[in-house]
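Peer 1: Dropping a structure here in structure tokens format, bear with me for questions.
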Amino acid sequence: MVLGTTSGAGKSWLATALCRWYARQGLKVAPFKAQNMSNHARVVAAASGVGEIGSAQYFQALAAHAVPEVRMNPVLLKPEANSGSQVVLLGQASAELTNIPWRDRSETLWPFITESLDALRAENDVVVIEGAGSPAEINLIDRDIVNLRVAQYAQARCLLITDIDRGGAFAHLYGTWSLLAKADQALIHGFVLNKFRGDARLLSPAPEKLLTLTGVPTVATLPYWREHGLPEEDGLFDDRSQPFAQDARTVAIIAYPYASNLDEFEPLKKVPSLRVVWVRHLNQLSALTKNDWLILPGSKQTSADLSWLHEQGLAHAVQTHAQQGGAVLGICGGLQMLGQGIHDPHGVDGAAEGLGLLPLVTEFSKIKTVRHTEVQFASLSGVWAALSKVKCRGYEIHQGRTHSPSGQAHEIIKDLAWQSTSGAVLGLYLHGLFEDPSALTALFRIEVPTLDTVFEGLADALDRHIAPGFLKQLIA
């Protein structure tokens, strides 16, 4: 099990690397995270057909050469407001659980968590479990169903990882360990320092002193590695870390408060001719030219994010860019924003006036669409013409139906994608466009490294930086 001293310490990265490392030893491996909180989800196998899990466990399953499925992340919380989240249990959204105060949910959810974990342990040689946040959140310990309770239930052999780039790493490790009960301390088998810059020999004698204080060895010092290629769990990344050509096209992705599935844009970072930036303020668009792209990604609260666009002055900027012939792409919630309006007769999300860039109307329904999708684009014009007749695969996660009441919208894929008459604006419900090699090749005439190449690189990093023989000892 991988625990962390903080959020962002590197738990998902390390768990993914472990999944591939153990799979390379010829073992049958599966990932597990009891409860994840994220609006970045993937469509996977479920007893009912398909369901949702957090993106991190989806990638971990692929790293393990396993088929992603809902038992790998039995509880997914999808934030819908500052103080509320939709509860997805075994892949299916549950209105009943969503309405239960979070402190009262844990005992209801725990049997589903243990049943899923038991099944995965019975079916696999190794299960790599990921914790959430920190296991030493003593204000939450009585309702914990993702960290120490899981570790104790499985008697997992745990690694505790910390981000040394933030400073105070040894205090984080010692403080976290010291706040654990004796029985939980006994489960910690190794400390991992992540995101280290410089000569690791300069860390001495801190690891030795930490060993004296805790009895736990520091088993790895992982270097600061921006270009590992694994999508960040929250989907965001620092564009300043990207090398790009001077004449690179800017792809500006609007990062509204409830943006979702941002990890699907990770492949764009690997296109040398692009500069990918996250936009939160109007001044970030001041240098945008007609040749640059604007992307409105998915949203867990479309109406709220649309209001935010207006408040920030970004709505007018998007409209102006499109009117001047600049490329605009809306995906899922972004597509809904591009239309004329959003109706909400069932109180799902909220009604709103759209940006009016496509002659479309969306109506929210109680039924949520969750499915894998394989499509072929019809003929497109303008900047999107390269996608004409291209076949690609992706997925849908949306709670709304969109149509063109006037019949004026150019429907590229039935009920899934539409283009403006000018050719500049494209809206689609399909997630994963930029993860499909066919689409990337058509749009940019290049091939980017595959996910499998990324996973191999992560496992290679463990071979280089973790104490020899330690990972095999963990499962002995």
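How things are named: the first chain in the structure tokens is A, the next is B, and so on; residues count from 1 in each chain; ligands count from 1 in the order shown.
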What are the nearest atom pairs, with distances in Å to one decimal, for all residues of stretch 23-117 of chain A that come at most 10 Å from stretch 450-473 of chain A, using only C-alpha atoms, set out by chain and rising residue number as JSON lines?
Peer 2:
```
{"residue": "A:Ala23", "atom": "CA", "partner": "A:Ala459", "partner_atom": "CA", "distance": 9.6}
{"residue": "A:Arg24", "atom": "CA", "partner": "A:Ala459", "partner_atom": "CA", "distance": 8.5}
{"residue": "A:Gln25", "atom": "CA", "partner": "A:Lys472", "partner_atom": "CA", "distance": 9.4}
{"residue": "A:Phe59", "atom": "CA", "partner": "A:Leu451", "partner_atom": "CA", "distance": 8.6}
{"residue": "A:Gln60", "atom": "CA", "partner": "A:Phe455", "partner_atom": "CA", "distance": 8.9}
{"residue": "A:Leu62", "atom": "CA", "partner": "A:Asp452", "partner_atom": "CA", "distance": 8.0}
{"residue": "A:Ala63", "atom": "CA", "partner": "A:Phe455", "partner_atom": "CA", "distance": 5.7}
{"residue": "A:Ala64", "atom": "CA", "partner": "A:Phe455", "partner_atom": "CA", "distance": 9.0}
{"residue": "A:His65", "atom": "CA", "partner": "A:Asp452", "partner_atom": "CA", "distance": 9.5}
```
Peer 1: Any idea what's packed within 6 Å of stretch 76-79 of chain A, counting only C-alpha atoms, ignoring anything in its chain fewer than 5 positions away? Could you give it as a list of chain:residue names?
Peer 2: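 These residues fall inside the cut-off: A:Gln35, A:Asn36, A:Met37, A:Ser38, A:Asn39, A:Gly84, A:Ser85, A:Gln86, A:Val87, A:Val88.
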Peer 1: Could you find all residues in stretch 65-289 of chain A that DSSP calls strand (DSSP E) from the backbone, and write them as a VMD selection string?
Peer 2: chain A and resid 75 to 81 84 to 89 92 to 94 126 to 129 158 to 163 188 to 196 218 to 223 249 to 254 259 to 260 274 to 279
Peer 1: Applying 8 Å and only C-alpha atoms, which residues near A:Thr5 remain after dropping the ones on its own chain fewer than 3 positions away? List them as JSON, numbers by chain.
Peer 2: {"A": [9, 133, 134, 135, 136, 160, 161, 162, 172, 173, 176]}
Peer 1: Restricted to C-alpha atoms, what would the selected residues look like written as a PDB file, in the first residue's frame?
Peer 2:
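Dumped to part.pdb:
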```pdb
ATOM      1  CA  ALA A   9       3.143  13.654  -2.507  1.00  0.00           C
ATOM      2  CA  GLY A 133      -4.361  12.516   1.337  1.00  0.00           C
ATOM      3  CA  SER A 134      -2.583  11.669   4.591  1.00  0.00           C
ATOM      4  CA  PRO A 135      -3.232   8.780   6.991  1.00  0.00           C
ATOM      5  CA  ALA A 136      -2.527  11.126   9.923  1.00  0.00           C
ATOM      6  CA  LEU A 160       5.024   6.320   3.057  1.00  0.00           C
ATOM      7  CA  ILE A 161       5.958   8.842   0.350  1.00  0.00           C
ATOM      8  CA  THR A 162       6.651  12.560   0.770  1.00  0.00           C
ATOM      9  CA  HIS A 172       6.510  15.198   7.373  1.00  0.00           C
ATOM     10  CA  LEU A 173       7.634  11.584   7.491  1.00  0.00           C
ATOM     11  CA  THR A 176       3.027  11.309  10.115  1.00  0.00           C
TER      12      THR A 176
END
```
Peer 1: Report as a short mmCIF file (atom, residue, chain, number, x, y, z; two decimals) with N, CA and C atoms, in the first residue's frame all protein, DNA and RNA residues lying within 7 Å of A:Phe196, evaluated on only C-alpha atoms, omitting residues in the same chain fewer than 6 positions from it.
Peer 2:
```cif
data_model
loop_
_atom_site.label_atom_id
_atom_site.label_comp_id
_atom_site.auth_asym_id
_atom_site.auth_seq_id
_atom_site.Cartn_x
_atom_site.Cartn_y
_atom_site.Cartn_z
N ILE A 164 9.72 15.98 -1.22
CA ILE A 164 10.83 16.70 -0.60
C ILE A 164 11.03 18.08 -1.22
N ASP A 165 10.49 18.30 -2.41
CA ASP A 165 10.63 19.60 -3.07
C ASP A 165 9.91 20.70 -2.29
N THR A 221 15.04 7.47 -3.01
CA THR A 221 15.03 8.91 -3.25
C THR A 221 14.79 9.09 -4.73
N LEU A 222 13.57 9.51 -5.08
CA LEU A 222 13.17 9.64 -6.47
C LEU A 222 13.44 11.06 -6.96
N PRO A 223 14.05 11.22 -8.11
CA PRO A 223 14.37 12.56 -8.60
C PRO A 223 13.14 13.32 -9.06
N TYR A 224 13.26 14.64 -9.11
CA TYR A 224 12.20 15.47 -9.66
C TYR A 224 12.12 15.18 -11.16
#
```
Peer 1: So that I can see what lies close to A:Gln408, please list as a ChimeraX atom specification the residues with an atom at most 8 Å from it, counting only C-alpha atoms and leaving out residues fewer than 3 positions away in the same chain.
Peer 2: /A:359,404-405
Peer 1: Could you write those residues out with C-alpha atoms, as a PDB file, in the first residue's frame?
Peer 2:
```pdb
ATOM      1  CA  PRO A 359     -27.381  26.360 -32.690  1.00  0.00           C
ATOM      2  CA  SER A 404     -30.469  21.372 -32.765  1.00  0.00           C
ATOM      3  CA  PRO A 405     -34.071  22.650 -32.643  1.00  0.00           C
TER       4      PRO A 405
END
```
Peer 1: Extract, using only C-alpha atoms, all DNA, RNA and protein residues at most 8 Å from A:Thr250, discarding same-chain residues fewer than 3 positions from it, and format them as a list in words.
Peer 2: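 Once the adjacent positions are removed, what remains is Leu274, Arg275, Val276, Val277, Leu288, Asp292 and Trp293 of chain A.
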Peer 1: Restricting it to C-alpha atoms, dump the selection as a compact mmCIF listing (two decimals), in the first residue's frame.
Peer 2:
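Output saved as selection_12.txt:
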```txt
# COMPACT_ATOMS: atom_id res chain seq x y z
CA LEU A 274 2.01 23.08 -29.29
CA ARG A 275 2.18 25.19 -26.14
CA VAL A 276 -0.53 24.05 -23.74
CA VAL A 277 -1.71 26.52 -21.09
CA LEU A 288 -4.01 34.64 -28.46
CA ASP A 292 -4.39 29.36 -31.63
CA TRP A 293 -7.00 27.04 -30.14
```
Peer 1: How many Å lie between atom CA of A:Asn261 and atom CA of A:Trp13, rounded to one decimal?
Peer 2: 17.5 Å
Peer 1: Would you kindly return, as a ChimeraX atom specification, each protein, DNA or RNA residue with an atom no farther than 9 Å from any atom of stretch 296-299 of chain A, considering only C-alpha atoms and excluding same-chain residues fewer than 2 positions away?
Peer 2: /A:39,252-262,294,301-303,305,328-335,337-338,398,429,431
Peer 1: Write out as a list in words all residues of stretch 345-465 of chain A that backbone DSSP assigns to alpha helix (DSSP H).
Peer 2: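 Secondary structure check on stretch 345-465 of chain A, alpha helix (DSSP H): Pro437, Ser438, Ala439, Leu440, Thr441, Ala442, Leu443, Phe444, Leu451, Asp452, Thr453, Val454, Phe455, Glu456, Gly457, Leu458, Ala459, Asp460, Ala461, Leu462, Asp463, Arg464 and His465 of chain A.
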Peer 1: Next, dump the selected residues to file, keeping only C-alpha atoms, as a short mmCIF file (atom, residue, chain, number, x, y, z; two decimals), in the first residue's frame.
Peer 2:
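Saved result, out05.cif, follows:
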```
data_model
loop_
_atom_site.label_atom_id
_atom_site.label_comp_id
_atom_site.auth_asym_id
_atom_site.auth_seq_id
_atom_site.Cartn_x
_atom_site.Cartn_y
_atom_site.Cartn_z
CA PRO A 437 -3.49 7.73 -32.02
CA SER A 438 -5.59 8.11 -35.18
CA ALA A 439 -6.86 11.54 -34.14
CA LEU A 440 -3.39 12.72 -33.06
CA THR A 441 -1.85 11.59 -36.32
CA ALA A 442 -4.59 13.27 -38.36
CA LEU A 443 -4.38 16.58 -36.48
CA PHE A 444 -0.62 16.91 -35.94
CA LEU A 451 0.93 4.86 -22.38
CA ASP A 452 2.70 1.53 -22.35
CA THR A 453 5.99 3.31 -23.00
CA VAL A 454 5.19 5.62 -20.08
CA PHE A 455 4.48 2.70 -17.74
CA GLU A 456 7.72 0.99 -18.71
CA GLY A 457 9.60 4.19 -17.93
CA LEU A 458 8.02 4.35 -14.47
CA ALA A 459 9.04 0.78 -13.68
CA ASP A 460 12.56 1.45 -14.96
CA ALA A 461 12.76 4.40 -12.54
CA LEU A 462 11.97 2.08 -9.61
CA ASP A 463 14.72 -0.27 -10.72
CA ARG A 464 17.18 2.64 -10.68
CA HIS A 465 16.18 4.31 -7.42
#
```
